[in-house]
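J.: Here you go, this is upload.cif (mmCIF, C-alpha atoms).
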```cif
data_target
#
loop_
_atom_site.label_atom_id
_atom_site.label_comp_id
_atom_site.auth_asym_id
_atom_site.auth_seq_id
_atom_site.Cartn_x
_atom_site.Cartn_y
_atom_site.Cartn_z
CA MET Q 1 36.53 137.37 12.02
CA CYS Q 2 33.05 138.34 13.12
CA VAL Q 3 34.49 141.63 14.32
CA ALA Q 4 32.08 144.52 13.82
CA LEU Q 5 32.60 148.14 14.84
CA PRO Q 6 30.12 150.90 15.66
CA GLY Q 7 30.34 154.14 13.68
CA THR Q 8 28.16 157.02 12.52
CA VAL Q 9 26.75 157.45 9.01
CA LEU Q 10 27.91 160.80 7.60
CA GLU Q 11 26.69 160.58 3.99
CA LEU Q 12 24.65 158.23 1.89
CA ASP Q 13 24.87 157.86 -1.89
CA GLY Q 14 22.53 155.10 -3.00
CA ASP Q 15 23.72 151.95 -1.21
CA VAL Q 16 27.12 153.36 -0.33
CA ALA Q 17 27.56 155.15 3.00
CA ILE Q 18 30.48 157.09 4.42
CA VAL Q 19 30.82 155.97 8.03
CA ASP Q 20 32.88 157.75 10.65
CA PHE Q 21 34.81 155.73 13.25
CA SER Q 22 36.23 158.26 15.71
CA GLY Q 23 37.63 160.39 12.88
CA ASN Q 24 38.45 157.60 10.42
CA GLN Q 25 36.02 157.67 7.53
CA VAL Q 26 35.38 154.57 5.44
CA ARG Q 27 32.96 153.51 2.72
CA ALA Q 28 30.42 150.86 3.69
CA ARG Q 29 27.56 149.17 1.87
CA ALA Q 30 24.13 149.92 3.26
CA GLY Q 31 22.06 147.25 1.53
CA LEU Q 32 21.19 145.14 4.59
CA VAL Q 33 19.35 147.72 6.69
CA PRO Q 34 17.80 151.12 5.88
CA VAL Q 35 19.92 153.97 7.28
CA VAL Q 36 20.05 157.75 7.10
CA PRO Q 37 22.90 160.18 7.88
CA GLY Q 38 23.34 160.53 11.63
CA ASP Q 39 22.47 156.89 12.41
CA ARG Q 40 24.81 154.93 14.66
CA VAL Q 41 25.54 151.67 12.85
CA LEU Q 42 27.48 148.44 13.23
CA VAL Q 43 29.83 147.74 10.31
CA HIS Q 44 31.25 144.30 9.45
CA ALA Q 45 33.47 143.50 6.45
CA GLY Q 46 32.60 146.77 4.75
CA CYS Q 47 28.82 146.40 5.17
CA ILE Q 48 26.37 147.92 7.61
CA LEU Q 49 24.87 145.03 9.57
CA GLN Q 50 22.53 146.82 11.93
CA LYS Q 51 21.59 150.15 13.47
CA VAL Q 52 22.84 150.68 17.03
CA SER Q 53 20.23 151.64 19.57
CA THR Q 54 21.15 154.73 21.57
CA ASP Q 55 18.88 153.86 24.51
CA THR Q 56 21.52 151.65 26.10
CA ALA Q 57 20.90 152.83 29.65
CA ASP Q 58 17.20 151.98 29.48
CA GLU Q 59 17.96 148.67 27.82
CA MET Q 60 20.43 147.67 30.54
CA GLU Q 61 17.83 148.52 33.16
CA ASP Q 62 15.32 146.32 31.34
CA LEU Q 63 17.93 143.57 31.17
CA PHE Q 64 18.62 143.62 34.91
CA ARG Q 65 14.89 143.66 35.57
CA GLU Q 66 14.53 140.59 33.35
CA ILE Q 67 17.30 138.77 35.24
CA ASP Q 68 15.63 139.60 38.56
CA GLU Q 69 12.29 138.35 37.24
CA ILE Q 70 13.84 135.06 36.12
CA LEU Q 71 15.35 134.56 39.56
CA SER Q 72 12.13 135.31 41.39
CA GLU Q 73 10.10 132.78 39.34
CA MET J 74 22.44 146.39 40.22
CA ASP J 75 25.84 147.64 39.11
CA LEU J 76 29.07 146.21 37.76
CA ASN J 77 30.69 145.94 41.18
CA THR J 78 27.83 143.77 42.44
CA ILE J 79 28.21 141.54 39.39
CA LYS J 80 31.99 141.28 39.84
CA GLN J 81 31.63 140.47 43.53
CA PHE J 82 29.04 137.78 42.80
CA LEU J 83 31.18 136.13 40.12
CA TYR J 84 34.32 136.25 42.28
CA GLU J 85 32.65 134.86 45.39
CA TYR J 86 30.46 132.26 43.64
CA ASP J 87 30.58 129.04 45.65
CA GLY J 88 27.86 126.92 44.01
CA PRO J 89 28.35 123.85 41.83
CA ASP J 90 31.21 124.02 39.32
CA MET J 91 30.15 125.54 36.00
CA ASN J 92 31.73 125.10 32.57
CA ILE J 93 30.80 128.06 30.40
CA MET J 94 31.75 128.07 26.74
CA GLU J 95 32.12 131.05 24.43
CA VAL J 96 31.56 130.22 20.77
CA CYS J 97 32.83 133.41 19.20
CA GLY J 98 36.48 134.10 18.47
CA SER J 99 36.03 137.79 19.27
CA HIS J 100 34.76 136.79 22.72
CA THR J 101 37.79 134.50 23.18
CA ALA J 102 40.04 137.47 22.39
CA ALA J 103 38.04 139.90 24.58
CA ILE J 104 38.00 137.49 27.55
CA ALA J 105 41.79 137.21 27.46
CA LYS J 106 42.36 140.92 26.79
CA ASN J 107 40.15 141.96 29.72
CA GLY J 108 41.65 139.40 32.11
CA ILE J 109 38.21 137.99 32.83
CA PRO J 110 39.32 134.52 34.03
CA GLY J 111 41.13 136.23 36.91
CA LEU J 112 37.93 137.98 37.99
CA LEU J 113 36.00 134.74 38.42
CA SER J 114 35.58 132.21 41.20
CA LYS J 115 37.62 129.00 40.76
CA LYS J 116 34.28 127.24 40.33
CA ILE J 117 33.54 129.04 37.06
CA HIS J 118 35.52 127.57 34.17
CA LEU J 119 35.64 129.38 30.82
CA ILE J 120 36.07 127.14 27.80
CA SER J 121 36.71 128.35 24.26
CA GLY J 122 34.68 126.67 21.55
CA PRO J 123 34.71 126.57 17.74
CA GLY J 124 33.99 130.26 17.31
CA CYS J 125 36.67 131.30 14.87
CA PRO J 126 35.60 130.68 11.25
CA VAL J 127 39.18 130.50 10.09
CA CYS J 128 40.01 127.84 12.70
CA VAL J 129 37.17 125.53 11.67
CA THR J 130 37.85 125.76 7.93
CA PRO J 131 39.06 122.30 6.80
CA SER J 132 42.41 121.73 5.12
CA ALA J 133 40.81 120.55 1.85
CA TYR J 134 39.31 124.02 1.47
CA ILE J 135 42.73 125.67 1.83
CA ASP J 136 44.23 123.12 -0.57
CA ARG J 137 41.58 124.01 -3.17
CA LEU J 138 42.42 127.72 -2.78
CA LEU J 139 46.09 126.90 -3.29
CA GLU J 140 45.29 125.07 -6.54
CA LEU J 141 43.27 128.04 -7.76
CA ALA J 142 45.99 130.55 -6.85
CA LYS J 143 48.43 128.63 -9.03
CA GLN J 144 46.16 128.58 -12.10
CA GLU J 145 46.73 130.93 -15.04
CA ASN J 146 44.57 134.08 -15.05
CA THR J 147 43.14 133.29 -11.61
CA CYS J 148 43.39 135.34 -8.43
CA VAL J 149 42.32 134.21 -4.96
CA VAL J 150 40.89 137.09 -2.92
CA THR J 151 40.66 136.71 0.84
CA PHE J 152 40.40 138.31 4.26
CA GLY J 153 43.81 138.56 5.94
CA ASP J 154 42.95 135.95 8.62
CA LEU J 155 43.05 133.11 6.13
CA LEU J 156 46.50 133.78 4.65
CA ARG J 157 48.50 131.75 7.15
CA VAL J 158 46.04 128.92 7.81
CA PRO J 159 47.78 125.65 6.96
CA GLY J 160 46.27 123.35 4.35
CA SER J 161 47.48 119.75 4.29
CA GLU J 162 50.95 121.02 3.26
CA LYS J 163 51.07 124.77 2.61
CA SER J 164 49.27 128.04 3.27
CA LEU J 165 48.07 130.83 0.96
CA ARG J 166 50.95 133.00 2.11
CA MET J 167 53.46 130.35 1.07
CA ILE J 168 51.84 129.96 -2.35
CA LYS J 169 51.89 133.73 -2.81
CA GLY J 170 55.62 133.63 -2.07
CA GLU J 171 56.00 130.95 -4.75
CA GLY J 172 54.30 133.14 -7.37
CA GLY J 173 50.64 132.25 -6.90
CA ARG J 174 48.24 135.16 -7.10
CA VAL J 175 46.57 135.94 -3.76
CA GLU J 176 45.15 139.35 -2.81
CA MET J 177 43.94 140.47 0.62
CA VAL J 178 40.92 142.79 0.95
CA TYR J 179 38.98 144.58 3.67
CA SER J 180 35.55 143.76 2.24
CA PRO J 181 34.25 141.13 -0.22
CA MET J 182 32.73 144.04 -2.16
CA ASP J 183 36.28 145.16 -3.08
CA ILE J 184 36.41 142.28 -5.54
CA LEU J 185 33.96 144.13 -7.85
CA GLU J 186 36.50 146.83 -8.69
CA MET J 187 39.23 144.25 -9.21
CA ALA J 188 37.01 142.25 -11.61
CA LYS J 189 36.12 145.38 -13.56
CA ASN J 190 39.78 146.39 -13.97
CA GLU J 191 40.90 142.92 -15.13
CA PRO J 192 38.11 141.32 -17.16
CA GLU J 193 40.39 138.50 -18.35
CA THR J 194 41.15 137.31 -14.82
CA CYS J 195 38.85 135.06 -12.77
CA PHE J 196 38.67 136.33 -9.19
CA VAL J 197 37.74 133.74 -6.56
CA PHE J 198 36.66 135.00 -3.16
CA ALA J 199 37.51 132.76 -0.20
CA ALA J 200 34.05 133.03 1.33
CA VAL J 201 34.46 131.75 4.87
CA GLY J 202 32.40 132.88 7.83
CA PHE J 203 29.45 132.40 10.13
CA GLU J 204 26.00 133.99 10.00
CA THR J 205 27.56 137.44 10.52
CA THR J 206 29.44 137.39 7.23
CA THR J 207 27.08 135.40 4.99
CA PRO J 208 24.78 138.43 4.37
CA VAL J 209 27.81 140.31 3.02
CA TYR J 210 28.33 137.51 0.48
CA ALA J 211 24.62 137.75 -0.36
CA LEU J 212 25.12 141.47 -1.09
CA LEU J 213 28.04 140.57 -3.33
CA MET J 214 25.91 137.97 -5.12
CA GLN J 215 23.22 140.63 -5.70
CA GLU J 216 25.78 142.75 -7.54
CA LEU J 217 27.19 139.82 -9.52
CA VAL J 218 23.71 138.85 -10.74
CA LYS J 219 22.49 142.42 -11.30
CA TYR J 220 25.46 143.43 -13.45
CA ASP J 221 26.01 139.97 -14.98
CA ILE J 222 29.61 139.84 -13.77
CA LYS J 223 31.14 136.60 -15.00
CA ASN J 224 34.73 136.75 -13.73
CA VAL J 225 33.97 136.50 -10.00
CA LYS J 226 33.29 133.23 -8.16
CA LEU J 227 32.96 132.18 -4.54
CA LEU J 228 34.61 129.22 -2.86
CA THR J 229 32.35 128.90 0.16
CA ALA J 230 32.98 127.46 3.63
CA LEU J 231 30.03 129.04 5.40
CA LYS J 232 28.97 127.76 8.78
CA THR J 233 25.94 128.11 11.05
CA MET J 234 26.23 128.17 14.82
CA PRO J 235 23.11 126.48 16.27
CA GLU J 236 23.85 123.11 14.63
CA ALA J 237 27.48 123.24 15.81
CA ILE J 238 26.40 124.08 19.37
CA GLY J 239 23.92 121.19 19.26
CA PHE J 240 26.77 118.93 18.10
CA LEU J 241 28.92 120.11 21.02
CA CYS J 242 26.13 119.45 23.50
CA GLU J 243 26.01 115.85 22.24
CA ASN J 244 29.73 115.20 21.68
CA GLY J 245 31.88 117.84 23.37
CA ALA J 246 32.90 118.58 26.93
CA PRO J 247 30.02 118.94 29.44
CA ILE J 248 28.82 122.55 29.22
CA ASP J 249 26.59 124.33 31.75
CA GLY J 250 26.13 127.58 29.83
CA PHE J 251 27.00 129.34 26.61
CA ILE J 252 28.07 132.90 25.93
CA ALA J 253 26.19 133.23 22.65
CA PRO J 254 28.00 134.96 19.77
CA GLY J 255 27.03 138.64 19.72
CA HIS J 256 27.49 139.54 16.08
CA VAL J 257 26.04 136.26 14.80
CA SER J 258 22.99 137.15 16.92
CA VAL J 259 22.77 140.60 15.32
CA VAL J 260 21.83 138.78 12.11
CA THR J 261 20.03 135.67 13.40
CA GLY J 262 18.31 137.20 16.43
CA SER J 263 18.70 135.82 19.95
CA LYS J 264 15.75 133.46 19.65
CA ILE J 265 17.63 131.18 17.29
CA PHE J 266 19.32 129.68 20.37
CA GLU J 267 16.06 128.99 22.24
CA PRO J 268 15.43 125.48 20.86
CA ILE J 269 18.91 124.28 21.96
CA ALA J 270 18.65 126.02 25.33
CA GLU J 271 15.33 124.27 25.96
CA LYS J 272 16.45 120.89 24.63
CA TYR J 273 19.55 120.70 26.83
CA ASP J 274 18.39 122.87 29.78
CA ILE J 275 21.38 125.13 29.28
CA PRO J 276 21.28 128.94 29.67
CA PHE J 277 22.56 131.21 26.90
CA GLY J 278 23.67 134.81 27.41
CA VAL J 279 24.00 136.86 24.23
CA SER J 280 26.91 139.18 24.91
CA GLY J 281 28.68 142.23 23.54
CA PHE J 282 32.45 142.47 23.49
CA GLU J 283 33.31 144.93 26.26
CA GLY J 284 34.54 143.45 29.53
CA ALA J 285 31.46 144.71 31.42
CA GLU J 286 29.13 143.17 28.83
CA ILE J 287 30.82 139.77 29.08
CA LEU J 288 30.70 139.88 32.89
CA THR J 289 26.99 140.73 32.75
CA ALA J 290 26.32 137.78 30.44
CA LEU J 291 28.32 135.48 32.75
CA TYR J 292 26.32 136.73 35.73
CA ALA J 293 23.05 135.97 33.94
CA ILE J 294 24.27 132.51 32.87
CA VAL J 295 25.44 131.54 36.37
CA LYS J 296 22.19 132.81 37.89
CA MET J 297 20.15 130.79 35.35
CA ARG J 298 22.13 127.54 35.87
CA GLY J 299 20.08 124.54 34.78
CA GLN J 300 17.46 126.66 33.04
CA GLY J 301 17.03 126.37 29.29
CA ARG J 302 16.67 130.07 28.63
CA VAL J 303 18.24 132.73 26.43
CA ILE J 304 18.87 136.21 27.73
CA ASN J 305 19.93 139.06 25.49
CA CYS J 306 22.69 141.03 27.23
CA TYR J 307 23.58 142.95 24.04
CA PRO J 308 20.33 144.86 23.43
CA ALA J 309 22.01 147.81 21.69
CA VAL J 310 22.26 145.79 18.47
CA VAL J 311 20.64 142.39 19.07
CA THR J 312 16.89 141.78 18.91
CA ALA J 313 14.93 138.55 19.25
CA GLU J 314 14.23 138.45 15.52
CA GLY J 315 17.59 139.75 14.23
CA ASN J 316 18.11 141.48 10.89
CA VAL J 317 15.25 139.99 8.86
CA GLU J 318 16.34 141.78 5.68
CA ALA J 319 19.78 140.20 5.92
CA GLN J 320 18.26 136.77 6.61
CA GLU J 321 16.05 137.08 3.50
CA SER J 322 19.00 138.14 1.40
CA VAL J 323 20.91 135.06 2.53
CA GLU J 324 17.92 132.80 1.79
CA THR J 325 17.77 134.14 -1.77
CA PHE J 326 21.24 132.95 -2.68
CA PHE J 327 22.20 130.23 -0.20
CA GLU J 328 20.69 127.00 1.08
CA PRO J 329 21.48 124.84 4.13
CA ALA J 330 24.00 122.04 3.63
CA ASP J 331 26.15 119.66 5.65
CA ALA J 332 29.49 121.25 6.45
CA VAL J 333 32.91 119.92 7.44
CA TRP J 334 34.39 121.57 10.52
CA ARG J 335 38.13 121.22 10.97
CA GLY J 336 38.74 118.48 13.52
CA MET J 337 35.03 117.88 14.13
CA GLY J 338 34.04 116.27 10.85
CA SER J 339 30.80 116.78 8.97
CA ILE J 340 27.91 118.26 10.97
CA PRO J 341 24.51 117.88 9.29
CA GLY J 342 22.91 121.13 8.22
CA SER J 343 25.66 123.28 9.75
CA GLY J 344 26.62 125.14 6.59
CA ARG J 345 25.38 127.15 3.66
CA ILE J 346 26.15 126.74 -0.02
CA LEU J 347 25.06 128.64 -3.11
CA ARG J 348 21.69 127.49 -4.41
CA GLU J 349 21.71 125.31 -7.53
CA GLU J 350 20.52 128.19 -9.73
CA TYR J 351 23.62 130.19 -8.76
CA ALA J 352 26.06 127.25 -9.08
CA VAL J 353 27.78 129.04 -11.96
CA PHE J 354 29.27 131.37 -9.31
CA ASP J 355 30.62 128.45 -7.25
CA ALA J 356 34.33 127.60 -7.54
CA GLY J 357 33.91 123.98 -6.42
CA SER J 358 32.68 124.25 -2.83
CA ARG J 359 30.44 121.20 -2.96
CA ASP J 360 33.31 118.74 -3.43
CA LEU J 361 35.30 119.74 -0.35
CA THR J 362 34.91 117.08 2.29
CA GLU J 363 38.44 116.14 3.36
CA ASP J 364 40.22 117.37 6.45
CA LYS J 365 43.86 116.27 6.86
CA LYS J 366 46.09 117.46 9.68
CA LYS J 367 49.41 119.04 8.78
CA ASN J 368 50.95 117.80 12.02
CA GLN J 369 49.49 114.58 13.45
CA ALA J 370 50.28 115.65 17.03
CA CYS J 371 48.14 118.80 16.66
CA ARG J 372 45.16 118.76 19.07
CA CYS J 373 43.16 121.61 17.50
CA ASP J 374 40.18 119.27 17.21
CA GLN J 375 40.04 118.63 20.97
CA VAL J 376 40.64 122.32 21.71
CA LEU J 377 37.74 123.33 19.47
CA MET J 378 35.46 120.80 21.18
CA GLY J 379 36.38 122.16 24.61
CA LYS J 380 37.88 118.83 25.65
CA ILE J 381 41.35 120.20 26.42
CA LYS J 382 42.83 123.62 27.08
CA PRO J 383 45.26 124.92 24.46
CA THR J 384 48.09 124.56 26.99
CA GLU J 385 47.41 120.81 27.17
CA CYS J 386 48.40 120.31 23.53
CA PRO J 387 51.99 118.96 23.37
CA LEU J 388 52.84 121.34 20.50
CA PHE J 389 51.54 124.51 22.20
CA GLY J 390 54.20 127.17 22.61
CA LYS J 391 56.93 124.75 21.52
CA VAL J 392 56.77 123.91 17.83
CA CYS J 393 53.39 125.63 17.43
CA THR J 394 53.52 129.41 17.88
CA PRO J 395 51.82 132.33 16.10
CA LEU J 396 54.95 132.71 13.96
CA LYS J 397 54.95 129.04 12.98
CA PRO J 398 51.43 127.68 13.47
CA GLN J 399 50.91 123.92 13.13
CA GLY J 400 47.14 124.11 13.53
CA ALA J 401 44.53 126.66 12.58
CA CYS J 402 43.78 127.68 16.19
CA MET J 403 47.25 129.28 16.44
CA VAL J 404 46.77 131.41 13.31
CA SER J 405 44.01 133.98 13.72
CA THR J 406 44.05 136.55 16.52
CA GLU J 407 40.66 135.03 17.38
CA GLY J 408 41.97 131.46 17.48
CA ASN J 409 41.87 129.75 20.87
CA CYS J 410 45.56 128.85 20.90
CA PHE J 411 46.69 132.23 19.55
CA SER J 412 44.68 134.00 22.23
CA TRP J 413 46.01 131.83 25.05
CA TYR J 414 49.59 132.09 23.78
CA SER J 415 49.66 135.83 23.18
CA ASN J 416 47.96 136.66 26.49
CA HIS J 417 49.97 134.11 28.56
CA ARG J 418 46.64 132.66 29.63
CA GLU J 419 46.76 129.62 31.91
CA VAL J 420 43.15 129.19 33.10
#
```
Could you rewrite the structure in this file as structure tokens?

T.:
Amino acid sequence: MCVALPGTVLELDGDVAIVDFSGNQVRARAGLVPVVPGDRVLVHAGCILQKVSTDTADEMEDLFREIDEILSE
Amino acid sequence: MDLNTIKQFLYEYDGPDMNIMEVCGSHTAAIAKNGIPGLLSKKIHLISGPGCPVCVTPSAYIDRLLELAKQENTCVVTFGDLLRVPGSEKSLRMIKGEGGRVEMVYSPMDILEMAKNEPETCFVFAAVGFETTTPVYALLMQELVKYDIKNVKLLTALKTMPEAIGFLCENGAPIDGFIAPGHVSVVTGSKIFEPIAEKYDIPFGVSGFEGAEILTALYAIVKMRGQGRVINCYPAVVTAEGNVEAQESVETFFEPADAVWRGMGSIPGSGRILREEYAVFDAGSRDLTEDKKKNQACRCDQVLMGKIKPTECPLFGKVCTPLKPQGACMVSTEGNCFSWYSNHREV
């Protein structure tokens, strides 16, 4: 039930956003995090829960570095 | 490091046996769908915990929804997952078939339009969920208060994960690591699990829902065996602090409360209810403390606590199937028993 899907904000009208999921466009509430058109966002139960970072590659590198550091302590 | 290195490590692991529990129904489903148990050493045991909100919702809650659905000028509004969950006797789907009014929606916010179109009807939302979904109910409450909408109420069964995980550490199967729920963590932040990790010296890996993300979290957990640490393996959407705006919104309308988990009983502080000043929007949530099994042989309680595998329940796959569920774990696609049954999972 905690399923959430990433999409892209196409339009914003007040607190209501149109979010694109690979061609499917749905309305989603934007009251829980500030967003602008073009943002990648995570949508759960018709509401935007969070913005999705696009620096995934860097973040995974940081993550592996953190694991290595933990092991070398 | 790359995925192949991680896969090789997890497959060849020959250290002490490790029980690793996932406490998110979406992880349970993703683990089965990606065939992850088959990629692991026989010394790494994956155990499914109480991570499906529908599965841990007690029968008294369903029974109350059934009563409401049968009342004049009342409509129960729900997510689809809850329709087939058995109460002590019947489910919402059965009551709908008998003439009760039950509507399924995609978002709790859909109830606003329904309430506007039928001002004489009282719409009750079946507000179940963990920390991921509670902010959505807070958004709904904002609208109800702002526009003074009087014909919408919430019947809440809201749960919080850290207290339930603490309960499992004290009363459940022995666990050596947790795959922390990814979308709960989006809201709460990963650091919410730090006190439990430190208290029980158990590692937590916050994970996404792709196969590679789950394997990465498992790798981190196995490597950190015995260390009370939390590592965030889902950095694209999870931060240490979480979505503070969502947390504040929840605090405005809801307060911590003891909550009954199906099969596990009441866990102190493991739920949320509407604050006293918003009690007018509550459809009777505070009185729901009972939890009766529909079938006395059902072992959902032990499955949810990680004490037995779904296949060890005598009803599994025989009288209890997704088409005719006897317990809540066989209902939702995220339920432990449903996932094991539909993916022919054996380990």

J.: What is the atom CA of J:Ile238 to atom CA of J:His256 distance in Å?

T.: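 For atom CA of J:Ile238 relative to atom CA of J:His256, the distance reads 15.8 Å.
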
J.: Could you name the residues that touch Q:Lys51 at 9 Å or less, counting all atoms listed in the file, but leaving out those on the same chain fewer than 6 positions away, as a list in words?

T.: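 Surrounding residues, per the criterion: Pro6, Val33, Pro34, Val35, Asp39, Arg40, Val41 and Leu42 of chain Q; Ala309 and Val310 of chain J.
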
J.: Keeping only C-alpha atoms, write the selected residues to a file as a PDB file, keeping the file's coordinate frame.

T.:
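part.pdb, freshly written:
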```pdb
ATOM      1  CA  PRO Q   6      30.120 150.900  15.660  1.00  0.00           C
ATOM      2  CA  VAL Q  33      19.350 147.720   6.690  1.00  0.00           C
ATOM      3  CA  PRO Q  34      17.800 151.120   5.880  1.00  0.00           C
ATOM      4  CA  VAL Q  35      19.920 153.970   7.280  1.00  0.00           C
ATOM      5  CA  ASP Q  39      22.470 156.890  12.410  1.00  0.00           C
ATOM      6  CA  ARG Q  40      24.810 154.930  14.660  1.00  0.00           C
ATOM      7  CA  VAL Q  41      25.540 151.670  12.850  1.00  0.00           C
ATOM      8  CA  LEU Q  42      27.480 148.440  13.230  1.00  0.00           C
TER       9      LEU Q  42
ATOM     10  CA  ALA J 309      22.010 147.810  21.690  1.00  0.00           C
ATOM     11  CA  VAL J 310      22.260 145.790  18.470  1.00  0.00           C
TER      12      VAL J 310
END
```

J.: Which residues fall under the PyMOL selection byres ((chain Q) within 12 of (chain J)) in this file, as an MDAnalysis selection string?

T.: chainID Q and resid 1:6 15:16 26:34 40:73

J.: In Å to one decimal, how far is atom CA of J:Gly111 from atom CA of J:Ile275?

T.: 23.9 Å

J.: Atom CA of J:Phe326 and atom CA of J:Asp136 are how many Å apart?

T.: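 Here the two named atoms are 25.1 Å from each other.
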
J.: List the neighbours of J:Arg345 out to 7 Å using only C-alpha atoms; skip same-chain residues closer than 2 positions along the sequence, and give me the result as number ranges by chain.

T.: J: 231-232, 327-330, 347

J.: Evaluate the PyMOL selection byres ((chain J and resi 110) around 12) here and jot the selected residues down as a ChimeraX atom specification.

T.: /J:80,83-84,93,101,103-109,111-121,284,287-288,291,413,416-420

J.: Can you list what the PyMOL selection byres ((chain Q and resi 24) around 12) grabs from this structure, as a list in words?

T.: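 Taken on the displayed file, the PyMOL selection byres ((chain Q and resi 24) around 12) yields the residues Leu5, Pro6, Gly7, Thr8, Val9, Leu10, Ile18, Val19, Asp20, Phe21, Ser22, Gly23, Gln25, Val26 and Arg27 of chain Q.
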
J.: Would you please work out which residue, of J:Val295, J:Cys386, J:Ile184, J:Ile340, is nearest to J:Ala370 when using only C-alpha atoms?

T.: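 Looking at the shortest contact to J:Ala370, the residue is J:Cys386.
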
J.: Which residues, written as a ChimeraX atom specification, have at least one atom at most 6 Å from J:Asp274, with only C-alpha atoms counted and residues fewer than 3 positions away on the same chain left out?

T.: /J:270-271,299-301

J.: Applying 12 Å and all atoms listed in the file, which residues near J:Gly400 remain after dropping the ones on its own chain fewer than 6 positions away? List them as a compact mmCIF listing (two decimals) with C-alpha atoms, in the frame of the given file.

T.:
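Below you can see part-v9.txt, which holds the result:
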```txt
# COMPACT_ATOMS: atom_id res chain seq x y z
CA VAL J 127 39.18 130.50 10.09
CA CYS J 128 40.01 127.84 12.70
CA VAL J 129 37.17 125.53 11.67
CA THR J 130 37.85 125.76 7.93
CA PRO J 131 39.06 122.30 6.80
CA SER J 132 42.41 121.73 5.12
CA ARG J 157 48.50 131.75 7.15
CA VAL J 158 46.04 128.92 7.81
CA PRO J 159 47.78 125.65 6.96
CA GLY J 160 46.27 123.35 4.35
CA SER J 161 47.48 119.75 4.29
CA GLU J 162 50.95 121.02 3.26
CA LYS J 163 51.07 124.77 2.61
CA SER J 164 49.27 128.04 3.27
CA ARG J 335 38.13 121.22 10.97
CA GLY J 336 38.74 118.48 13.52
CA ASP J 364 40.22 117.37 6.45
CA LYS J 365 43.86 116.27 6.86
CA LYS J 366 46.09 117.46 9.68
CA LYS J 367 49.41 119.04 8.78
CA ASN J 368 50.95 117.80 12.02
CA GLN J 369 49.49 114.58 13.45
CA ALA J 370 50.28 115.65 17.03
CA CYS J 371 48.14 118.80 16.66
CA ARG J 372 45.16 118.76 19.07
CA CYS J 373 43.16 121.61 17.50
CA ASP J 374 40.18 119.27 17.21
CA GLN J 375 40.04 118.63 20.97
CA VAL J 376 40.64 122.32 21.71
CA LEU J 377 37.74 123.33 19.47
CA PRO J 383 45.26 124.92 24.46
CA CYS J 386 48.40 120.31 23.53
CA LEU J 388 52.84 121.34 20.50
CA PHE J 389 51.54 124.51 22.20
CA GLY J 390 54.20 127.17 22.61
CA VAL J 392 56.77 123.91 17.83
CA CYS J 393 53.39 125.63 17.43
CA THR J 394 53.52 129.41 17.88
CA GLY J 408 41.97 131.46 17.48
CA ASN J 409 41.87 129.75 20.87
CA CYS J 410 45.56 128.85 20.90
CA PHE J 411 46.69 132.23 19.55
```

J.: Write out as JSON, numbers by chain which residues come within 8 Å of J:Glu314 when counting all atoms listed in the file, dropping same-chain ones fewer than 3 positions away.

T.: {"J": [261, 262, 263, 264, 317]}
